[in-house]
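First up is the structure itself, then whatever we jot down about it.
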Amino acid sequence: MEKIDKRLISWASILDDKTREQAITTAKLPFIYPHIALMPDAHLGKGATVGSVIPTLGAVIPAAVGVDIGCGMIAVRTQFTVDHLPTDRSPVRDAIERAVPLSFGRYNRKVVATAEPRIIELEALAERAGFDPDSYTGSWRLQLGTLGSGNHFIELSRDRAGNVWAFLHSGSRGVGNKIAQHHIAVAARLCKQWWIDLPDPDLAYLVEGTDEFRRYIAELTWAQRFAALNREEMMDRVLRQVGEWVGTPVVEVERVNCHHNFTKREKHFGKDVWVSRKGAIQADEGRPGLIPGSMGTASYVVSGKGDLLALNSSPHGAGREYSRSAARRTFTHEQLREAMAGIEFRDDAAFIDEIPQAYKPIDRVMADAADLVEVRATLRQLVNVKG
Ligand code: 5GP
Ligand code: MN
Ligand code: MN
């Protein structure tokens with residue numbers, strides 16, 4: 001732990017100068033209370049740093065949640081151990097890729113039965129919040145149950161005891177993106193209208209008590225729920241495929257679903273604040289959480305330790321060390337294949353920028369996070385499906 005500025009505390013032993021500068025800039029905003037907690041996986045983001053916890057008093061910065069509102073992880077521990085699994089894993093990868101489309105365009109042409117109750121819940125939630133998600137995009141119903149591209153992924157993994165887990169990463173898809181972009185633009189317009197001098201235009205904020213603030217919180221809350229249900233829907237489809245592959249339906253031993261891009265009201269150091277975690281998970285004492293490493297390294301099921309200075313938070317992954325373009329310049333397809341030896345994955349040069357070496361070493365990140373979380377299970381992937 002390192003106190004960098006009056007309002008910035010860092011747990012990152014790997015932190016480049018630009019990221020440090022960006023976090024300091026955010027920390028100097030007058031409505032930060034009590035301080036920004038910079039997580040071990042911190043790296044440069046748009047406006048606010050990825051891997052940071054940003055508590056604000058009476059205001060909220062829409063870009064501090066990011067454009068994938070509610071992005072996060074879900075994991076299920078199944079009753080299976082590795083011995084139950086057929087040796088050829090390519091059929092299950094194919095089946096998962098068919099059951100969970102990347103985007104709504106190709107496969108999710110109609111709402112599938114399992115998604116229906118979730119859609120009804122979201123319709124009711126939108127109605128109570130007094131807004132119409134159709135005004136952003138009429139296709140949000142078809143987006144529910146789709147993975148998205150980039151580093152959204154689905155994995156089958158094993159823990160050290162041999163238990164088989166399904167593990168996936170996704171968020172609020174196109175509809176969440178539109179909601180985020182809209183409110184980021186509203187905040188920028190209002191700050192301009194009131195001659196507010198911002199250190200970075202992406203740090204534009206909304207002030208509590210205004211209609212714009214209320215609208216943002218209502219729609220953000222909806223997008224967060226959409227993201228959580230999107231993960232549930234995909235997980236159910238994945239488990240069905242796993243059950244068919246093994247020949248026995250999956251029985252769930254445990255399910256964990258957590259956001260790593262979200263805002264919620266919490267009490268810290270005596271005050272009610274809006275806590276935005278941008279690439280960070282909530283880690284109150286005993287709370288289960290998920291920390292993925294990369295497509296070819298360990299990932300972790302954790303339990304929070306409730307560190308007060310860290311604002312009950314922990315890292316959400318390894319965090320990028322190389323930008324996508326730097327990774328493509330630095331690493332080769334051959335290195336990607338080496339890093340993925342023994343894992344059933346889609347062997348495609350498009351994933352060079354997702355090579356494990358493009359991320360910070362997860363062991364180092366977990367060592368930095370030793371006061372923030374306790375490791376309950378260490379997962380290694382058997383199958384990786386990348387978005
Ligand atoms: P973000 O949500 O900021 O886009 O990234 C989440 C984290 O997921 C990354 O920091 C990285 O540590 C991890 N990650 C990225 N791709 C994969 C993958 O294919 N498998 C696993 N297990 N983790 C990944
Ligand atoms: Mn995302
Ligand atoms: Mn994410």
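Following the order of the structure tokens, first chain is A, next is B, and so on, with residues numbered from 1 inside each chain and ligands from 1 in the order they appear.
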Hey, what's within 10 Å of A:Met1 if we count only C-alpha atoms and toss same-chain stuff fewer than 2 positions away? As a PyMOL selection string, please?
chain A and resi 3-4+9-13+37-40+309-310+368-369+371
Can you tell me which residues surround A:Arg287 at a distance of at most 9 Å, considering only C-alpha atoms, apart from same-chain residues fewer than 6 positions away, and format the answer as a ChimeraX atom specification?
/A:302-306
Shell of 10 Å around ligand 3 (only C-alpha atoms and all ligand atoms), written as a list in words
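Counting only C-alpha atoms and all ligand atoms, the residues within 10 Å of ligand 3 come out as Val50, Gly66, Asp68, Ile69, Gly70, Cys71, Gly72, Met73, Gly150, Asn151, His152, Phe153, His169, Ser170, Gly171, His259, His260, Asn261, Lys278, Gly279, Ala280, Pro292, His316 and Gly317 of chain A.
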Which residues in stretch 21-202 of chain A does DSSP call helix (DSSP H, G or I)? List them as an MDAnalysis selection string.
chainID A and resid 21:27 62:64 82:84 90:99 113:129 133:135 140:143 173:193 201:202
8 Å contact set for A:Leu382, only C-alpha atoms, chain neighbours under 4 positions out, as a ChimeraX atom specification
/A:155-158,342-344
Expected file: the selected residues, N, CA and C atoms, as a PDB file, in the first residue's frame:
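What ended up in result37.pdb:
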ATOM      1  N   GLU A 155     -15.157 -20.089 -20.174  1.00  0.00           N
ATOM      2  CA  GLU A 155     -14.161 -21.138 -19.935  1.00  0.00           C
ATOM      3  C   GLU A 155     -14.749 -22.290 -19.148  1.00  0.00           C
ATOM      4  N   LEU A 156     -14.187 -23.470 -19.394  1.00  0.00           N
ATOM      5  CA  LEU A 156     -14.367 -24.575 -18.465  1.00  0.00           C
ATOM      6  C   LEU A 156     -13.013 -24.735 -17.806  1.00  0.00           C
ATOM      7  N   SER A 157     -13.017 -24.827 -16.493  1.00  0.00           N
ATOM      8  CA  SER A 157     -11.758 -24.868 -15.749  1.00  0.00           C
ATOM      9  C   SER A 157     -11.823 -25.926 -14.664  1.00  0.00           C
ATOM     10  N   ARG A 158     -10.660 -26.216 -14.111  1.00  0.00           N
ATOM     11  CA  ARG A 158     -10.601 -27.123 -12.965  1.00  0.00           C
ATOM     12  C   ARG A 158      -9.896 -26.415 -11.822  1.00  0.00           C
ATOM     13  N   GLY A 342      -2.106 -27.329 -24.240  1.00  0.00           N
ATOM     14  CA  GLY A 342      -2.942 -28.161 -23.372  1.00  0.00           C
ATOM     15  C   GLY A 342      -4.343 -27.613 -23.150  1.00  0.00           C
ATOM     16  N   ILE A 343      -4.630 -26.404 -23.651  1.00  0.00           N
ATOM     17  CA  ILE A 343      -5.964 -25.813 -23.477  1.00  0.00           C
ATOM     18  C   ILE A 343      -6.700 -25.876 -24.819  1.00  0.00           C
ATOM     19  N   GLU A 344      -7.953 -26.329 -24.790  1.00  0.00           N
ATOM     20  CA  GLU A 344      -8.778 -26.358 -26.008  1.00  0.00           C
ATOM     21  C   GLU A 344      -9.249 -24.925 -26.288  1.00  0.00           C
TER      22      GLU A 344
END
Check stretch 122-162 of chain A with DSSP on the backbone and list each residue it calls strand (DSSP E or B), as a list of chain:residue names.
A:Phe153, A:Ile154, A:Glu155, A:Leu156, A:Ser157, A:Arg158
For the selection just defined, write its residues with all heavy atoms to a file, as a CSV table (one decimal), in the first residue's frame.
chain,number,residue,atom,x,y,z
A,153,PHE,N,-15.2,-13.8,-22.4
A,153,PHE,CA,-14.9,-15.2,-22.7
A,153,PHE,C,-15.7,-16.1,-21.9
A,153,PHE,O,-16.4,-15.7,-20.9
A,153,PHE,CB,-13.4,-15.4,-22.3
A,153,PHE,CG,-13.1,-15.2,-20.9
A,153,PHE,CD1,-13.3,-16.2,-19.9
A,153,PHE,CD2,-12.6,-13.9,-20.4
A,153,PHE,CE1,-13.0,-15.9,-18.6
A,153,PHE,CE2,-12.3,-13.7,-19.1
A,153,PHE,CZ,-12.5,-14.7,-18.1
A,154,ILE,N,-15.7,-17.4,-22.3
A,154,ILE,CA,-16.3,-18.5,-21.6
A,154,ILE,C,-15.2,-19.6,-21.4
A,154,ILE,O,-14.5,-19.9,-22.3
A,154,ILE,CB,-17.5,-19.1,-22.4
A,154,ILE,CG1,-18.5,-18.0,-22.7
A,154,ILE,CG2,-18.1,-20.2,-21.6
A,154,ILE,CD1,-19.6,-18.5,-23.7
A,155,GLU,N,-15.2,-20.1,-20.2
A,155,GLU,CA,-14.2,-21.1,-19.9
A,155,GLU,C,-14.7,-22.3,-19.1
A,155,GLU,O,-15.7,-22.1,-18.3
A,155,GLU,CB,-13.0,-20.6,-19.1
A,155,GLU,CG,-12.1,-19.7,-20.0
A,155,GLU,CD,-10.9,-19.0,-19.3
A,155,GLU,OE1,-11.0,-19.0,-18.1
A,155,GLU,OE2,-10.1,-18.5,-20.0
A,156,LEU,N,-14.2,-23.5,-19.4
A,156,LEU,CA,-14.4,-24.6,-18.5
A,156,LEU,C,-13.0,-24.7,-17.8
A,156,LEU,O,-12.0,-24.7,-18.5
A,156,LEU,CB,-14.8,-25.9,-19.2
A,156,LEU,CG,-16.1,-25.8,-19.9
A,156,LEU,CD1,-16.4,-27.2,-20.6
A,156,LEU,CD2,-17.2,-25.4,-19.0
A,157,SER,N,-13.0,-24.8,-16.5
A,157,SER,CA,-11.8,-24.9,-15.7
A,157,SER,C,-11.8,-25.9,-14.7
A,157,SER,O,-12.9,-26.4,-14.4
A,157,SER,CB,-11.5,-23.5,-15.1
A,157,SER,OG,-11.3,-22.5,-16.1
A,158,ARG,N,-10.7,-26.2,-14.1
A,158,ARG,CA,-10.6,-27.1,-13.0
A,158,ARG,C,-9.9,-26.4,-11.8
A,158,ARG,O,-9.0,-25.6,-12.1
A,158,ARG,CB,-9.8,-28.4,-13.3
A,158,ARG,CG,-8.4,-28.2,-13.9
A,158,ARG,CD,-7.6,-29.4,-13.8
A,158,ARG,NE,-7.4,-29.8,-12.4
A,158,ARG,CZ,-6.8,-30.9,-12.1
A,158,ARG,NH1,-6.4,-31.8,-13.0
A,158,ARG,NH2,-6.6,-31.2,-10.8
Counting only C-alpha atoms and all ligand atoms, figure out which residue out of A:Tyr136, A:Phe104, A:Phe262, A:Trp222 gets nearest to ligand 2.
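For ligand 2, the nearest of the given residues is A:Phe262.
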Write out as a list in words each polymer residue whose atoms come within 12 Å of A:Glu233, counting only C-alpha atoms; drop sequence neighbours fewer than 6 positions from it.
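Counting only C-alpha atoms, the residues come to Ile74, Ala99, Val100, Pro101, Val111, Val112, Ala113, Thr114, Ala115, Glu116, Pro117, Arg118, Ile119, Arg141, Leu142, Gln143, Leu144, Gly145, Thr146, Leu147, Leu168, Ser170, Gly171, Phe226, Ala227, Leu239, Arg240 and Asn257 of chain A.
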For each of A:Gln335, A:Asn163, A:Asp41, A:Asp363, take the minimum atom-to-atom distance to A:Val253, counting only C-alpha atoms, then give the residue where this is smallest.
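For A:Val253, the nearest of the given residues is A:Asn163.
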I'd like the neighbourhood of A:Arg20 as a list in words, where a residue qualifies if any of its atoms comes within 9 Å (using only C-alpha atoms), though same-chain residues fewer than 2 positions away should be ignored.
Ile4, Leu15, Asp16, Asp17, Lys18, Gln22, Ala23, Ile24, Thr25, Ala42, His43, Leu44 and Thr49 of chain A
Suppose we keep N, CA and C atoms; can you now write the selection as a PDB file, in the first residue's frame?
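Once everything was written out, this is result24.pdb:
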ATOM      1  N   ILE A   4      -0.138   7.977  -2.434  1.00  0.00           N
ATOM      2  CA  ILE A   4       0.479   8.725  -3.524  1.00  0.00           C
ATOM      3  C   ILE A   4       0.148  10.204  -3.423  1.00  0.00           C
ATOM      4  N   LEU A  15       2.994  -0.125 -11.807  1.00  0.00           N
ATOM      5  CA  LEU A  15       2.157   1.040 -12.128  1.00  0.00           C
ATOM      6  C   LEU A  15       2.970   1.978 -13.014  1.00  0.00           C
ATOM      7  N   ASP A  16       2.522   2.149 -14.276  1.00  0.00           N
ATOM      8  CA  ASP A  16       3.304   3.021 -15.150  1.00  0.00           C
ATOM      9  C   ASP A  16       2.961   4.485 -14.866  1.00  0.00           C
ATOM     10  N   ASP A  17       3.833   5.380 -15.281  1.00  0.00           N
ATOM     11  CA  ASP A  17       3.705   6.802 -14.941  1.00  0.00           C
ATOM     12  C   ASP A  17       2.405   7.423 -15.447  1.00  0.00           C
ATOM     13  N   LYS A  18       2.011   7.038 -16.653  1.00  0.00           N
ATOM     14  CA  LYS A  18       0.793   7.629 -17.224  1.00  0.00           C
ATOM     15  C   LYS A  18      -0.443   7.251 -16.404  1.00  0.00           C
ATOM     16  N   GLN A  22      -2.878   9.739 -14.383  1.00  0.00           N
ATOM     17  CA  GLN A  22      -4.321   9.751 -14.625  1.00  0.00           C
ATOM     18  C   GLN A  22      -5.091   9.610 -13.311  1.00  0.00           C
ATOM     19  N   ALA A  23      -4.628   8.707 -12.451  1.00  0.00           N
ATOM     20  CA  ALA A  23      -5.324   8.490 -11.172  1.00  0.00           C
ATOM     21  C   ALA A  23      -5.205   9.733 -10.284  1.00  0.00           C
ATOM     22  N   ILE A  24      -4.045  10.394 -10.303  1.00  0.00           N
ATOM     23  CA  ILE A  24      -3.857  11.614  -9.502  1.00  0.00           C
ATOM     24  C   ILE A  24      -4.830  12.696  -9.976  1.00  0.00           C
ATOM     25  N   THR A  25      -4.964  12.827 -11.293  1.00  0.00           N
ATOM     26  CA  THR A  25      -5.886  13.822 -11.857  1.00  0.00           C
ATOM     27  C   THR A  25      -7.310  13.598 -11.340  1.00  0.00           C
ATOM     28  N   ALA A  42      -4.254  -1.906 -11.906  1.00  0.00           N
ATOM     29  CA  ALA A  42      -4.545  -0.596 -12.503  1.00  0.00           C
ATOM     30  C   ALA A  42      -3.799  -0.368 -13.818  1.00  0.00           C
ATOM     31  N   HIS A  43      -4.538   0.135 -14.797  1.00  0.00           N
ATOM     32  CA  HIS A  43      -3.916   0.567 -16.055  1.00  0.00           C
ATOM     33  C   HIS A  43      -4.753   1.671 -16.667  1.00  0.00           C
ATOM     34  N   LEU A  44      -4.188   2.359 -17.659  1.00  0.00           N
ATOM     35  CA  LEU A  44      -4.822   3.522 -18.273  1.00  0.00           C
ATOM     36  C   LEU A  44      -6.213   3.181 -18.822  1.00  0.00           C
ATOM     37  N   THR A  49      -9.133   5.618 -14.564  1.00  0.00           N
ATOM     38  CA  THR A  49      -8.243   4.454 -14.618  1.00  0.00           C
ATOM     39  C   THR A  49      -9.000   3.132 -14.444  1.00  0.00           C
TER      40      THR A  49
END
Selection: 9 Å around A:Gly162, only C-alpha atoms, excl. self and same-chain fewer than 4 positions, as a short mmCIF file (atom, residue, chain, number, x, y, z; two decimals) with N, CA, C and O atoms, in the first residue's frame:
data_model
loop_
_atom_site.label_atom_id
_atom_site.label_comp_id
_atom_site.auth_asym_id
_atom_site.auth_seq_id
_atom_site.Cartn_x
_atom_site.Cartn_y
_atom_site.Cartn_z
N PHE A 80 -19.11 -32.19 -11.23
CA PHE A 80 -18.12 -33.02 -11.95
C PHE A 80 -16.69 -32.76 -11.48
O PHE A 80 -16.35 -31.64 -11.09
N THR A 81 -15.88 -33.82 -11.56
CA THR A 81 -14.44 -33.63 -11.45
C THR A 81 -13.86 -33.95 -12.82
O THR A 81 -14.57 -34.48 -13.68
N VAL A 82 -12.60 -33.62 -13.02
CA VAL A 82 -11.99 -33.82 -14.35
C VAL A 82 -12.12 -35.25 -14.86
O VAL A 82 -12.21 -35.46 -16.07
N ASP A 83 -12.18 -36.22 -13.94
CA ASP A 83 -12.28 -37.63 -14.36
C ASP A 83 -13.60 -37.93 -15.08
O ASP A 83 -13.71 -38.90 -15.82
N ARG A 158 -10.66 -26.22 -14.11
CA ARG A 158 -10.60 -27.12 -12.96
C ARG A 158 -9.90 -26.42 -11.82
O ARG A 158 -9.03 -25.56 -12.05
#
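Counting only C-alpha atoms and all ligand atoms, the residue from A:Ser139, A:Ser314, A:Thr87, A:Asn177 that sits nearest to ligand 2 is A:Asn177.
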